[in-house]
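Structure record follows, encoded as structure tokens.
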Amino acid sequence: MASEIDSQQRPVSAKIVISGGFGVGKTTFVSAVSEIAPLRTEAKMTSAASGVDDATFVQQKTSTTVAMDFGKITVEQGLVLYVFGTPGQDRFGFMWNDITAGALGALILVDTRRLDECFNAIDFFEERGVPFVIGLNQFDGAPQHSIDDIREALDLDRAVPIVRTDARGCETALETLVQLLTHVLQSLSAKAVAPPRPERPAPVVTDDMRSRAMSALATERSGA
Amino acid sequence: METDDKSELLEEGAFTRPYLLTGGRTRSEAGELAVEAMIAVTKGSSPPADRDLAAIYSLCQTPNSIAEISAKCAMPLGVARVLVADLWGEGTLEVLETTRSDDIAIVRRLLDGIRNR
């Protein structure tokens with residue numbers, strides 16, 4: 001039954017991240033660009049902030065499932081781009097590290113009616129030096145602010161592109177991906193000339209993240 | 001929706017099993033794997049006897065990422081990682097190349113590929 005993978009067919013994979021506030025259209029965007037129906041992967045964890053797993057506290061912990069939706073684009077034979085949506089809730093920020101480590105860039109979707117909900121995402125990618133583009137997702141009835149006004153409201157550097165997008169449309173969404181990758185390319189080219197910034201560490205899941213996930217499973221088990 | 005059904009299944013039934021499968025371990029000796037890392041069966045290896053490991057092995061006849069394995073085998077991400085890393089460590093599966101985040105040539109190829117869709 002072993003059908004081996006021939007060396008010609010060993011795909012290389014890359015990753016980008018779709019982020020933004022809750023309900024801003026991340027999963028819709030992933031569906032629009034993905035060649036497969038979006039898949040959902042889950043991580044179990046407790047919402048208690050404490051990293052200590054003491055059985056006596058088990059009753060006070062609530063277990064939560066964090067779901068990440070993702071899609072896939074086979075760009076050419078042997079090159080696959082994964083598109084990961086970040087979980088919407090800020091308190092699961094540590095999952096963002098996992099998804100973001102090694103990502104080429106990020107699209108931050110914004111609903112202009114709830115501008116403040118993207119602040120966390122902007123801070124997150126700015127701090128990590130991940131190139132990102134702001135995508136103003138079109139919602140019916142949402143106010144049409146000028147790009148300049150939005151830039152000012154978000155206190156964004158001129159270098160960060162702000163584009164209008166529609167997560168519901170495949171072509172519009174793909175065009176937004178092109179804008180993101182163009183920006184990533186420009187950032188990398190600029191970096192190649194300027195002194196290099198420290199390379200981000202290789203993708204890593206910390207023991208803490210693992211033990212949270214696993215202890216949540218154990219908690220469920222004992223509570224069942 | 002299918003994904004919702006699957007998550008419900010995890011909630012109510014199946015989920016002690018993956019934890020038992022890893023023997024309570026939260027990490028594998030073999031190392032760390034990125035969510036987008038693609039996994040393929042090693043040429044000449046044989047399928048594991050265990051049913052869940054065999055499911056992973058069978059899926060990876062065609063390269064699949066850790067995230068896909070987690071989703072398609074309905075196991076939490078952390079558990080899929082540990083199991084795959086184990087199979088990788090013993091040489092049953094291999095991990096294919098992921099790109100560096102500063103690889104300009106790859107970004108160009110992605111850009112061209114998506115523009116031409």
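A note on labels: chains of the structure tokens are A, B, ... as shown, every chain counts residues from 1, and ligands are counted from 1 in their shown order.
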
Would you tabulate, counting only C-alpha atoms, all residues of chain B that have an atom at most 6 Å from an atom of chain A, showing the closest pair of atoms and their distance in Å to one decimal, sorted by chain then ascending number, as CSV?
```
residue,atom,partner,partner_atom,distance
B:Thr16,CA,A:Arg221,CA,5.8
B:Thr26,CA,A:Arg210,CA,5.4
B:Ala34,CA,A:Pro203,CA,5.3
B:Lys43,CA,A:Glu4,CA,5.2
B:Ser70,CA,A:Thr41,CA,5.8
B:Ala71,CA,A:Thr41,CA,4.6
B:Pro76,CA,A:Glu42,CA,5.0
B:Leu77,CA,A:Ala43,CA,5.5
B:Glu97,CA,A:Val12,CA,5.3
B:Thr98,CA,A:Ser13,CA,4.9
B:Thr99,CA,A:Ala14,CA,5.4
B:Ser101,CA,A:Leu104,CA,4.7
B:Gly113,CA,A:Val75,CA,5.2
```

Could you write out that same residue set with C-alpha atoms as a CSV table (one decimal), in the first residue's frame?
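This is the output file out_34.csv:
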```csv
chain,number,residue,atom,x,y,z
B,16,THR,CA,-10.2,11.1,25.6
B,26,THR,CA,2.6,16.8,25.7
B,34,ALA,CA,5.1,23.9,12.3
B,43,LYS,CA,9.6,5.4,1.1
B,70,SER,CA,-5.4,17.5,12.8
B,71,ALA,CA,-8.6,18.5,10.9
B,76,PRO,CA,-6.6,18.4,18.5
B,77,LEU,CA,-3.6,20.1,16.9
B,97,GLU,CA,10.4,21.6,3.5
B,98,THR,CA,8.7,24.7,4.8
B,99,THR,CA,9.8,28.1,3.5
B,101,SER,CA,9.7,33.9,6.0
B,113,GLY,CA,1.2,31.9,-9.4
```

Review point. Within 12 Å of Arg164 of chain A, counting only C-alpha atoms, which residues qualify if same-chain residues fewer than 5 places away don't, as a list in words?
Key: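 Surrounding residues, per the criterion: Leu107, Ile108, Leu109, Val110, Asp111, Thr112, Val133, Ile134, Gly135, Leu136, Asn137, Gln138, Phe139, Gln144, His145, Ser146, Ile147, Ile150, Thr172, Ala173, Glu175, Thr176, Leu177 and Gln179 of chain A.
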
Exercise for review: Any chance you could list, as a list of chain:residue names, the residues in segment 86-124 of chain A that come up strand (DSSP E or B) when DSSP is run on the backbone?
Suggested key: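 Secondary structure check on segment 86-124 of chain A, strand (DSSP E or B): A:Gly105, A:Ala106, A:Leu107, A:Ile108, A:Leu109, A:Val110.
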
Point to revise | Shell around segment 58-62 of chain B at 12 Å using only C-alpha atoms, local window under 3 positions removed, as a ChimeraX atom specification | key: /A:1-6,9-11 /B:38-55,65-66,68-73,84,87-88,92-96

Review point. How many Å lie between atom CA of Asn120 of chain A and atom CA of Pro161 of chain A, rounded to one decimal?
Key: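 About the pair atom CA of Asn120 of chain A and atom CA of Pro161 of chain A: they are 17.7 Å apart.
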
Revision key, fill the gap. note - atom CA of Ala142 of chain A and atom CA of Arg113 of chain A are separated by 6.1 Å

**Study point:** Separation of atom CA of Gly91 of chain B from atom CA of Ala37 of chain B, in Å and rounded to one decimal
**Key:**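 Calculated distance between atom CA of Gly91 of chain B and atom CA of Ala37 of chain B is 16.0 Å.
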